[in-house]
Amino acid sequence: MRSQIQKMAKGEVETEAMSSSFLKFEDTNFKHGTATITWNKEAAEKYLNNRKD
């Protein structure tokens, strides 16, 4: 998970929008290799901008 988040912060992941009436908050898949994180795009950007590594 940490590796995937680091790649997200560097912009090294593919994103794919989701449209689901079940998961309204989780609107984006962040993919790198075989790993996928489903998260809210705005919340992910805020987290990545404010994290301390």
# chains A, B, ... in the order shown; residues from 1 in each chain; ligands from 1
$ residues_around --residues "A:Thr36" --least-positions-apart "5" --cutoff "10 Å" --atoms "only C-alpha atoms" --output "list in words"
Met1, Gln4, Val13, Glu14, Thr15, Thr28, Asn29, Phe30 and Lys31 of chain A
$ write_last_selection --atoms "all heavy atoms" --output "PDB file, in the first residue's frame"
ATOM      1  N   MET A   1       0.828  -1.185   0.000  1.00  0.00           N
ATOM      2  CA  MET A   1       0.000   0.000   0.000  1.00  0.00           C
ATOM      3  C   MET A   1       0.875   1.251   0.000  1.00  0.00           C
ATOM      4  O   MET A   1       0.624   2.165  -0.759  1.00  0.00           O
ATOM      5  CB  MET A   1      -0.917  -0.048   1.227  1.00  0.00           C
ATOM      6  CG  MET A   1      -1.823   1.107   1.353  1.00  0.00           C
ATOM      7  SD  MET A   1      -3.210   0.930   0.238  1.00  0.00           S
ATOM      8  CE  MET A   1      -4.321   2.083   0.931  1.00  0.00           C
ATOM      9  N   GLN A   4       2.337   1.877  -3.395  1.00  0.00           N
ATOM     10  CA  GLN A   4       1.336   2.395  -4.337  1.00  0.00           C
ATOM     11  C   GLN A   4       1.078   3.880  -4.063  1.00  0.00           C
ATOM     12  O   GLN A   4       0.991   4.681  -4.987  1.00  0.00           O
ATOM     13  CB  GLN A   4       0.036   1.595  -4.210  1.00  0.00           C
ATOM     14  CG  GLN A   4      -1.072   2.037  -5.132  1.00  0.00           C
ATOM     15  CD  GLN A   4      -0.892   1.576  -6.560  1.00  0.00           C
ATOM     16  OE1 GLN A   4       0.181   1.200  -6.986  1.00  0.00           O
ATOM     17  NE2 GLN A   4      -1.963   1.609  -7.303  1.00  0.00           N
ATOM     18  N   VAL A  13       0.982   6.487 -11.646  1.00  0.00           N
ATOM     19  CA  VAL A  13      -0.099   5.509 -11.709  1.00  0.00           C
ATOM     20  C   VAL A  13      -1.113   5.928 -12.759  1.00  0.00           C
ATOM     21  O   VAL A  13      -1.251   7.093 -13.100  1.00  0.00           O
ATOM     22  CB  VAL A  13      -0.814   5.341 -10.345  1.00  0.00           C
ATOM     23  CG1 VAL A  13       0.118   4.790  -9.308  1.00  0.00           C
ATOM     24  CG2 VAL A  13      -1.429   6.636  -9.881  1.00  0.00           C
ATOM     25  N   GLU A  14      -1.803   4.950 -13.277  1.00  0.00           N
ATOM     26  CA  GLU A  14      -2.873   5.175 -14.236  1.00  0.00           C
ATOM     27  C   GLU A  14      -4.157   5.398 -13.428  1.00  0.00           C
ATOM     28  O   GLU A  14      -4.370   4.750 -12.406  1.00  0.00           O
ATOM     29  CB  GLU A  14      -2.996   3.912 -15.087  1.00  0.00           C
ATOM     30  CG  GLU A  14      -4.130   3.869 -16.041  1.00  0.00           C
ATOM     31  CD  GLU A  14      -4.201   2.505 -16.731  1.00  0.00           C
ATOM     32  OE1 GLU A  14      -3.170   1.831 -16.863  1.00  0.00           O
ATOM     33  OE2 GLU A  14      -5.316   2.135 -17.099  1.00  0.00           O
ATOM     34  N   THR A  15      -4.988   6.341 -13.839  1.00  0.00           N
ATOM     35  CA  THR A  15      -6.264   6.542 -13.163  1.00  0.00           C
ATOM     36  C   THR A  15      -7.402   6.166 -14.092  1.00  0.00           C
ATOM     37  O   THR A  15      -7.296   6.282 -15.300  1.00  0.00           O
ATOM     38  CB  THR A  15      -6.451   7.998 -12.690  1.00  0.00           C
ATOM     39  OG1 THR A  15      -6.405   8.858 -13.817  1.00  0.00           O
ATOM     40  CG2 THR A  15      -5.397   8.406 -11.680  1.00  0.00           C
ATOM     41  N   THR A  28     -12.537   6.906  -8.156  1.00  0.00           N
ATOM     42  CA  THR A  28     -11.398   6.720  -9.059  1.00  0.00           C
ATOM     43  C   THR A  28     -10.589   5.493  -8.672  1.00  0.00           C
ATOM     44  O   THR A  28     -10.334   5.255  -7.498  1.00  0.00           O
ATOM     45  CB  THR A  28     -10.472   7.955  -9.016  1.00  0.00           C
ATOM     46  OG1 THR A  28     -11.242   9.119  -9.293  1.00  0.00           O
ATOM     47  CG2 THR A  28      -9.346   7.850 -10.026  1.00  0.00           C
ATOM     48  N   ASN A  29     -10.181   4.717  -9.675  1.00  0.00           N
ATOM     49  CA  ASN A  29      -9.225   3.628  -9.468  1.00  0.00           C
ATOM     50  C   ASN A  29      -7.843   4.165  -9.807  1.00  0.00           C
ATOM     51  O   ASN A  29      -7.649   4.774 -10.860  1.00  0.00           O
ATOM     52  CB  ASN A  29      -9.525   2.437 -10.379  1.00  0.00           C
ATOM     53  CG  ASN A  29     -10.680   1.623  -9.885  1.00  0.00           C
ATOM     54  OD1 ASN A  29     -10.910   1.508  -8.701  1.00  0.00           O
ATOM     55  ND2 ASN A  29     -11.428   1.051 -10.806  1.00  0.00           N
ATOM     56  N   PHE A  30      -6.897   3.958  -8.916  1.00  0.00           N
ATOM     57  CA  PHE A  30      -5.499   4.308  -9.148  1.00  0.00           C
ATOM     58  C   PHE A  30      -4.765   2.994  -9.360  1.00  0.00           C
ATOM     59  O   PHE A  30      -4.728   2.161  -8.458  1.00  0.00           O
ATOM     60  CB  PHE A  30      -4.927   5.061  -7.942  1.00  0.00           C
ATOM     61  CG  PHE A  30      -5.609   6.380  -7.690  1.00  0.00           C
ATOM     62  CD1 PHE A  30      -6.745   6.456  -6.914  1.00  0.00           C
ATOM     63  CD2 PHE A  30      -5.101   7.546  -8.243  1.00  0.00           C
ATOM     64  CE1 PHE A  30      -7.376   7.664  -6.690  1.00  0.00           C
ATOM     65  CE2 PHE A  30      -5.717   8.765  -8.012  1.00  0.00           C
ATOM     66  CZ  PHE A  30      -6.863   8.823  -7.240  1.00  0.00           C
ATOM     67  N   LYS A  31      -4.196   2.786 -10.570  1.00  0.00           N
ATOM     68  CA  LYS A  31      -3.601   1.498 -10.928  1.00  0.00           C
ATOM     69  C   LYS A  31      -2.119   1.631 -11.238  1.00  0.00           C
ATOM     70  O   LYS A  31      -1.683   2.586 -11.867  1.00  0.00           O
ATOM     71  CB  LYS A  31      -4.294   0.932 -12.166  1.00  0.00           C
ATOM     72  CG  LYS A  31      -5.754   0.645 -11.988  1.00  0.00           C
ATOM     73  CD  LYS A  31      -6.318   0.115 -13.282  1.00  0.00           C
ATOM     74  CE  LYS A  31      -7.735  -0.362 -13.100  1.00  0.00           C
ATOM     75  NZ  LYS A  31      -8.229  -1.026 -14.293  1.00  0.00           N
TER      76      LYS A  31
END
$ select_by_dssp --residues "chain A" --states "alpha helix (DSSP H)" --output "MDAnalysis selection string"
chainID A and resid 2:9 41:50
$ residues_around --residues "A:Asn49" --least-positions-apart "4" --cutoff "9 Å" --atoms "only C-alpha atoms" --output "PyMOL selection string"
chain A and resi 9+44-45
$ atom_distance --atom1 "atom CA of A:Trp39" --atom2 "atom CA of A:Ser3"
15.6 Å
$ atom_distance --atom1 "atom CA of A:Glu26" --atom2 "atom CA of A:Ala43"
9.3 Å
